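Notes for the one structure printed next.
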Amino acid sequence: MQAAEIELKFPVADPQALQARLPHLGFHLTTPRTYEHNTLYDTPSRDLRVKRQILRLREYGGIHTLTHKRIDESANSDTSRYKMRIETETTVSDPHALAEIFAQLGYQPVFLYEKYRSEFSIFDSATNSTPHLVIDETPIGTYAELEGPTDWIDRTIAELNIDPATCLTDSYGKLFLDWKQRTGSPADHLTFADVASPVLAPR
């Protein structure tokens with residue numbers, strides 16, 4: 001399955017308060033808080049990173065999903081403040097076999113990241129779509145991610161009283177590298193085990 005993905009993140013200081021507001025705005029919980037583990041693959045010379053592409057194997061709720069993301073070349077300057085990617089993904093029945101195939105093709109795990117994700121959805125009559133809001137609890141803090149039409153993202157940010165200046169298009173890999181630079185952490189991966197003093201403790 002291939003689709004255009006439009007996203008925007010923002011940091012969340014009080015996840016409980018945000019989650020409590022969502023039903024009043026019409027959001028429905030679609031996936032309760034669930035552990036998620038992600039592995040990014042690339043060549044030793046980081047060929048995919050140079051091309052600003054990612055190849056990711058995700059385990060979420062017992063389901064393994066393989067995803068490839070690339071830049072949306074058709075995006076214009078008016079939408080540059082959103083994260084826009086062309087995403088192709090499929091479920092995988094045997095992740096170990098897939099990892100072996102990647103190894104034989106020259107792809108290896110280069111970055112691991114994990115989090116606890118809660119997913120919410122809403123029907124938006126203005127765009128006749130069902131966009132999503134997710135709350136991601138990571139070892140370096142909690143972030144919300146809006147995925148849907150740009151008009152809906154803008155309206156939702158306003159309804160949640162989020163300062164647009166705090167919104168981000170950075171990947172979790174980029175947020176992790178920025179955090180490492182600020183803290184001097186020697187962690188190699190964004191995992192609860194690797195981050196010495198996690199902001200969020202697993203529960």
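Numbering starts fresh at 1 for the residues of each chain in the structure tokens, the chains themselves are lettered A, B, ... in the order given, and ligands are numbered from 1 as they appear.
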Counting only C-alpha atoms, which residues of region 155-193 of chain A sit at most 7 Å from some atom of region 105-125 of chain A, and what is each one's closest atom pair with its distance in Å to one decimal, listed by chain and rising residue number, as a Markdown table?
```
| residue | atom | partner | partner_atom | distance |
| --- | --- | --- | --- | --- |
| A:His189 | CA | A:Leu112 | CA | 5.3 |
| A:Leu190 | CA | A:Tyr113 | CA | 4.4 |
| A:Thr191 | CA | A:Tyr113 | CA | 5.3 |
```
Determine, for each residue of region 70-186 of chain A having at least one atom at most 8 Å from an atom of region 53-63 of chain A, the closest pair of atoms and their separation in Å to one decimal, counting only C-alpha atoms; order by chain and ascending number, as a Markdown table.
```
| residue | atom | partner | partner_atom | distance |
| --- | --- | --- | --- | --- |
| A:Arg70 | CA | A:Gln53 | CA | 4.6 |
| A:Ile71 | CA | A:Gln53 | CA | 7.0 |
| A:Thr91 | CA | A:Ile63 | CA | 7.2 |
| A:Val92 | CA | A:Ile63 | CA | 7.7 |
| A:Pro95 | CA | A:Leu57 | CA | 7.9 |
```
Review point. So what do you get for CA of Arg81 (chain A) versus CA of Glu7 (chain A), distance-wise?
Key: 9.6 Å
Review point. Leaving out Ala4 (chain A) and any residue of its chain fewer than 6 positions from it, which residues lie within 8 Å of it when counting only C-alpha atoms, given as a list in words?
Key: Asp72, Met84, Arg85, Ile86 and Glu87 of chain A
Check your understanding: If you measure from CA of Thr43 (chain A) to CA of Phe102 (chain A), what distance in Å do you get, rounded to one decimal?
Key ->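 Between these atoms lies a distance of 9.5 Å.
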Check your understanding: Residues of chain A in alpha helix (DSSP H) according to DSSP, as a ChimeraX atom specification?
Key -> /A:15-21,47-50,95-105,150-159,172-183
Which residues of region 12-89 of chain A come within 9 Å of region 146-160 of chain A, and for each one, what is the closest pair of atoms and their distance in Å to one decimal, counting only C-alpha atoms, sorted by chain and residue number, as JSON lines?
```
{"residue": "A:Leu18", "atom": "CA", "partner": "A:Leu160", "partner_atom": "CA", "distance": 8.2}
{"residue": "A:Arg21", "atom": "CA", "partner": "A:Leu160", "partner_atom": "CA", "distance": 8.2}
{"residue": "A:Leu22", "atom": "CA", "partner": "A:Leu160", "partner_atom": "CA", "distance": 8.8}
{"residue": "A:Leu25", "atom": "CA", "partner": "A:Glu159", "partner_atom": "CA", "distance": 8.1}
{"residue": "A:Thr79", "atom": "CA", "partner": "A:Thr150", "partner_atom": "CA", "distance": 7.8}
{"residue": "A:Tyr82", "atom": "CA", "partner": "A:Thr150", "partner_atom": "CA", "distance": 7.7}
```
Practice item. Could you give me, as a ChimeraX atom specification, the residues within 12 Å of Thr142 (chain A), counting only C-alpha atoms and dropping anything in the same chain fewer than 4 positions from it? Key: /A:9-16,18,114-118,134-138,172,175,198-201
Given the selection you just returned, output its residues as a file containing C-alpha atoms, formatted as a JSON list (two decimals), in the first residue's frame.
```json
[["chain", "number", "residue", "atom", "x", "y", "z"],
["A", 9, "LYS", "CA", 4.65, 16.80, 15.76],
["A", 10, "PHE", "CA", 4.62, 18.85, 18.94],
["A", 11, "PRO", "CA", 6.07, 18.18, 22.40],
["A", 12, "VAL", "CA", 3.60, 17.34, 25.16],
["A", 13, "ALA", "CA", 4.32, 18.51, 28.70],
["A", 14, "ASP", "CA", 1.18, 16.94, 30.22],
["A", 15, "PRO", "CA", 0.04, 13.81, 28.31],
["A", 16, "GLN", "CA", -2.83, 13.11, 30.71],
["A", 18, "LEU", "CA", -4.02, 16.29, 26.45],
["A", 114, "GLU", "CA", 10.97, 2.47, 20.95],
["A", 115, "LYS", "CA", 8.00, 4.12, 22.57],
["A", 116, "TYR", "CA", 4.52, 3.62, 23.93],
["A", 117, "ARG", "CA", 1.89, 4.83, 21.46],
["A", 118, "SER", "CA", -1.80, 5.69, 21.99],
["A", 134, "VAL", "CA", -1.11, 9.79, 18.32],
["A", 135, "ILE", "CA", 0.61, 10.30, 21.66],
["A", 136, "ASP", "CA", 4.13, 8.84, 21.68],
["A", 137, "GLU", "CA", 5.84, 8.34, 25.03],
["A", 138, "THR", "CA", 9.57, 8.01, 24.25],
["A", 172, "TYR", "CA", 12.61, 10.60, 16.13],
["A", 175, "LEU", "CA", 15.14, 14.44, 17.90],
["A", 198, "PRO", "CA", 14.95, 8.15, 30.75],
["A", 199, "VAL", "CA", 12.40, 10.90, 31.00],
["A", 200, "LEU", "CA", 9.77, 8.18, 30.89],
["A", 201, "ALA", "CA", 10.13, 4.90, 32.73]]
```
Exercise for review: Skip Gln2 (chain A) itself and residues of its chain fewer than 5 positions away, then list as a count of residues only all residues within 10 Å of it, counting only C-alpha atoms.
Suggested key: 8
